[in-house]
Amino acid sequence: MMMESINQITSNHQDNVNRLGQSLGYGQAFDIDTRDIVIHEHRLTFFFASFLVDSNLIGSIIEGLFWFKQNPLLPDVEFKHQVINFLAAHNVSLEKNLSNCGSAVLNGLLVILVENSTEALVLDTRKYPGRNIGEPDSERVVRGSRDGMTETLAINLALIRRRIKTGDLCTIIYQIGSISKTDVVLVYLKSRVNPKTVQLVQKRLEEVQVPELTMSDKALEELIIEHPYSPFPLVRYTERPDTVAAHLYQGMFALLVDTSPSAILGPVSIFDHMTHAEEHRQTPLSGTYLRILRYIGILLSFLLMPLWFSIIEYKAIFPSFFQPLLVYESNRLIVFIQIILAEVGIELLRMASIHTPNSLATSMGLIAGILIGEIAISVGLFTEVIVLLGAISAIGSYITPSYELSLANKIIKLLLLLFIFFFELPGLIGGLVLIFFYLMRLKSFGRPYLYPLVPFKGKDLAKYIVRAPYNRNKE
């Protein structure tokens with residue numbers, strides 16, 4: 001009770017100013033500003049964070065207050081209510097709790113403490129710094145919208161609202177982190193989503209008790225999913241608002257985290273990670289072709305190298321056409337080491353390309369091609385077949401729409417290679433069976449990860465394989 005009374009705004013104006021200023025670090029934080037004005041013998045004290053507000057709007061509010069006149073026809077109306085009616089602001093509220101006032105200031109709102117009042121005025125004056133809207137680099141399309149999400153929560157929500165103009169769209173905001181107080185918005189279509197899924201997500205969000213979200217959306221994901229140590233992604237990330245809108249129509253929910261340019265989508269299956277917006281920007285036949293081609297590339301990304309390594313012992317039973325691909329002169333240990341070095345080398349190149357400035361990317365590509373492609377083969381570090389299969393696998397991982405799934409596939413590939421090294425072809429079969437049963441046990445917010453393959457739903461599975469025309473989709 002004592003803590004609650006300390007947080008309450010009192011009628012002592014200077015005491016309120018001192019306590020709010022102390023909680024905000026006024027005098028030690030140069031971006032926290034105040035302004036005092038006197039209107040009709042009433043002192044008003046403004047608190048705001050300089051770099052999170054629209055300074056022009058605050059200036060117009062202060063200028064407007066200097067023209068304020070009390071209404072003689074309403075002598076019994078409190079001064080603060082007359083000020084509210086006069087303010088040229090679209091969102092004004094009253095707040096009794098001083099700690100909530102501090103949170104409002106740090107979120108970019110303007111707080112006005114009124115003399116002889118136990119309530120403060122809170123005005124929405126937010127104008128967050130941020131980059132311009134642009135197409136996400138990792139989700140480019142040949143034809144389609146070029147707008148992508150930014151680090152500003154309000155912009156991301158506006159991009160989604162622009163595509164879903166209905167009161168059925170629910171947006172519930174949470175503040176997570178006792179120190180960071182990060183804004184998180186749960187978005188879903190009430191008529192499409194499973195109510196049990198929404199209840200589950202809300203419960204998990206409410207149960208999160210952390211001081212801060214270090215890595216924003218990724219930290220939140222690990223706090224609310226069922227299997228945080230699983231290599232397979234149980235949610236999907238996207239920076240495209242049209243992709244978010246499409247999945248909301250399919251009955252998913254989205255989580256938008258302030259300062260993050262991507263949305264978290266769930267519940268998902270592994271097939272949701274293998275679809276791309278480009279398939280819906282082409283004709284149904286072309287979209288189906290692209291989708292099947294992408295599925296084949298994803299399978300090759302983690303299965304091609306283990307399959308080759310498991311059958312080289314049985315090269316005699318294959319036709320002569322395949323013999324050049326199955327010839328090797330070293331023992332199994334040397335081949336295994338060569339494969340691992342090739343896989344690690346390709347992964348190091350991928351990581352280097354991410355952190356290499358654009359001006360140096362071409363030079364790095366030439367160095368990689370010469371060193372790994374030519375010299376490595378010439379000195380006998382790798383064989384031509386291993387380099388070829390490694391390159392095909394790398395291409396397959398690059399066309400995987402979900403970056404998280406491509407990383408999981410690489411981990412699975414290394415495990416399969418290990419099984420094959422010890423158990424040869426039975427190791428590949430046993431490893432694939434173990435992975436399949438593991439995926440059968442995974443769930444994303446109650447949804448089976450292999451749906452609609454397990455449990456088998458033929459119609460839904462066909463929708464993931466064939467891109468049907470839009471006029472065939474029923475309400």
# chains A, B, ... in the order shown; residues from 1 in each chain; ligands from 1
>>> closest_atom_pairs(of="range 102-157 of chain A", to="range 234-256 of chain A", cutoff="8 Å", atoms="only C-alpha atoms", output="CSV")
residue,atom,partner,partner_atom,distance
A:Glu135,CA,A:Arg240,CA,7.9
A:Pro136,CA,A:Glu239,CA,6.3
A:Glu139,CA,A:Arg240,CA,7.4
A:Ser145,CA,A:Asp242,CA,7.9
A:Asp147,CA,A:Arg240,CA,7.1
A:Gly148,CA,A:Arg240,CA,5.0
A:Met149,CA,A:Glu239,CA,5.3
A:Leu153,CA,A:Leu256,CA,6.9
A:Asn156,CA,A:Pro241,CA,7.4
A:Leu157,CA,A:Leu256,CA,7.9
>>> residues_around(residues="range 11-18 of chain A", least_positions_apart="2", cutoff="6 Å", atoms="only C-alpha atoms", output="ChimeraX atom specification")
/A:20-21,115-118
>>> residues_around(residues="Ser23 in chain A", least_positions_apart="4", cutoff="10 Å", atoms="only C-alpha atoms", output="ChimeraX atom specification")
/A:18-19,98-99,101-103
>>> write_last_selection(atoms="N, CA and C atoms", output="CSV table (one decimal), in the first residue's frame")
chain,number,residue,atom,x,y,z
A,18,ASN,N,9.3,17.0,-8.7
A,18,ASN,CA,10.5,16.5,-8.2
A,18,ASN,C,10.6,15.0,-8.3
A,19,ARG,N,9.5,14.3,-7.9
A,19,ARG,CA,9.5,12.8,-8.0
A,19,ARG,C,9.5,12.3,-9.4
A,98,LEU,N,2.0,8.1,-11.0
A,98,LEU,CA,3.2,8.8,-11.4
A,98,LEU,C,4.2,7.9,-12.1
A,99,SER,N,4.2,6.6,-11.8
A,99,SER,CA,5.1,5.7,-12.5
A,99,SER,C,4.6,5.5,-13.9
A,101,CYS,N,3.2,7.8,-15.6
A,101,CYS,CA,3.6,9.0,-16.3
A,101,CYS,C,5.0,8.9,-16.8
A,102,GLY,N,5.9,8.3,-15.9
A,102,GLY,CA,7.3,8.1,-16.3
A,102,GLY,C,7.4,7.2,-17.5
A,103,SER,N,6.6,6.2,-17.6
A,103,SER,CA,6.7,5.2,-18.7
A,103,SER,C,6.2,5.9,-20.0
>>> atom_distance(atom1="CA of Ile112 in chain A", atom2="CA of Ile179 in chain A")
23.2 Å
>>> atom_distance(atom1="CA of Leu407 in chain A", atom2="CA of Pro233 in chain A")
9.4 Å
>>> atom_distance(atom1="CA of Pro401 in chain A", atom2="CA of Val141 in chain A")
11.5 Å
>>> closest_residue(among="A:Ser178, A:Gln338, A:Ser406, A:Ser393", to="Leu381 in chain A", atoms="only C-alpha atoms")
A:Gln338
>>> residues_around(residues="range 53-59 of chain A", least_positions_apart="3", cutoff="8 Å", atoms="only C-alpha atoms", output="number ranges by chain")
A: 48-50, 62-63, 108-110, 125-128
>>> select_by_dssp(residues="range 40-218 of chain A", states="strand (DSSP E or B)", output="ChimeraX atom specification")
/A:42-49,53,92-95,97,110-114,120-123,126,169-176,182-189
>>> closest_atom_pairs(of="range 370-451 of chain A", to="range 228-231 of chain A", cutoff="10 Å", atoms="only C-alpha atoms", output="JSON lines")
{"residue": "A:Glu404", "atom": "CA", "partner": "A:Pro231", "partner_atom": "CA", "distance": 8.4}
{"residue": "A:Leu405", "atom": "CA", "partner": "A:Pro231", "partner_atom": "CA", "distance": 8.3}
{"residue": "A:Leu407", "atom": "CA", "partner": "A:Pro231", "partner_atom": "CA", "distance": 8.0}
{"residue": "A:Ala408", "atom": "CA", "partner": "A:Pro231", "partner_atom": "CA", "distance": 5.2}
{"residue": "A:Asn409", "atom": "CA", "partner": "A:Pro231", "partner_atom": "CA", "distance": 8.5}
{"residue": "A:Lys410", "atom": "CA", "partner": "A:Pro231", "partner_atom": "CA", "distance": 9.8}
{"residue": "A:Ile411", "atom": "CA", "partner": "A:Pro231", "partner_atom": "CA", "distance": 7.6}
{"residue": "A:Ile412", "atom": "CA", "partner": "A:Pro231", "partner_atom": "CA", "distance": 8.6}
{"residue": "A:Tyr438", "atom": "CA", "partner": "A:Ser230", "partner_atom": "CA", "distance": 9.9}
{"residue": "A:Leu439", "atom": "CA", "partner": "A:Ser230", "partner_atom": "CA", "distance": 9.9}
{"residue": "A:Leu442", "atom": "CA", "partner": "A:Ser230", "partner_atom": "CA", "distance": 8.7}
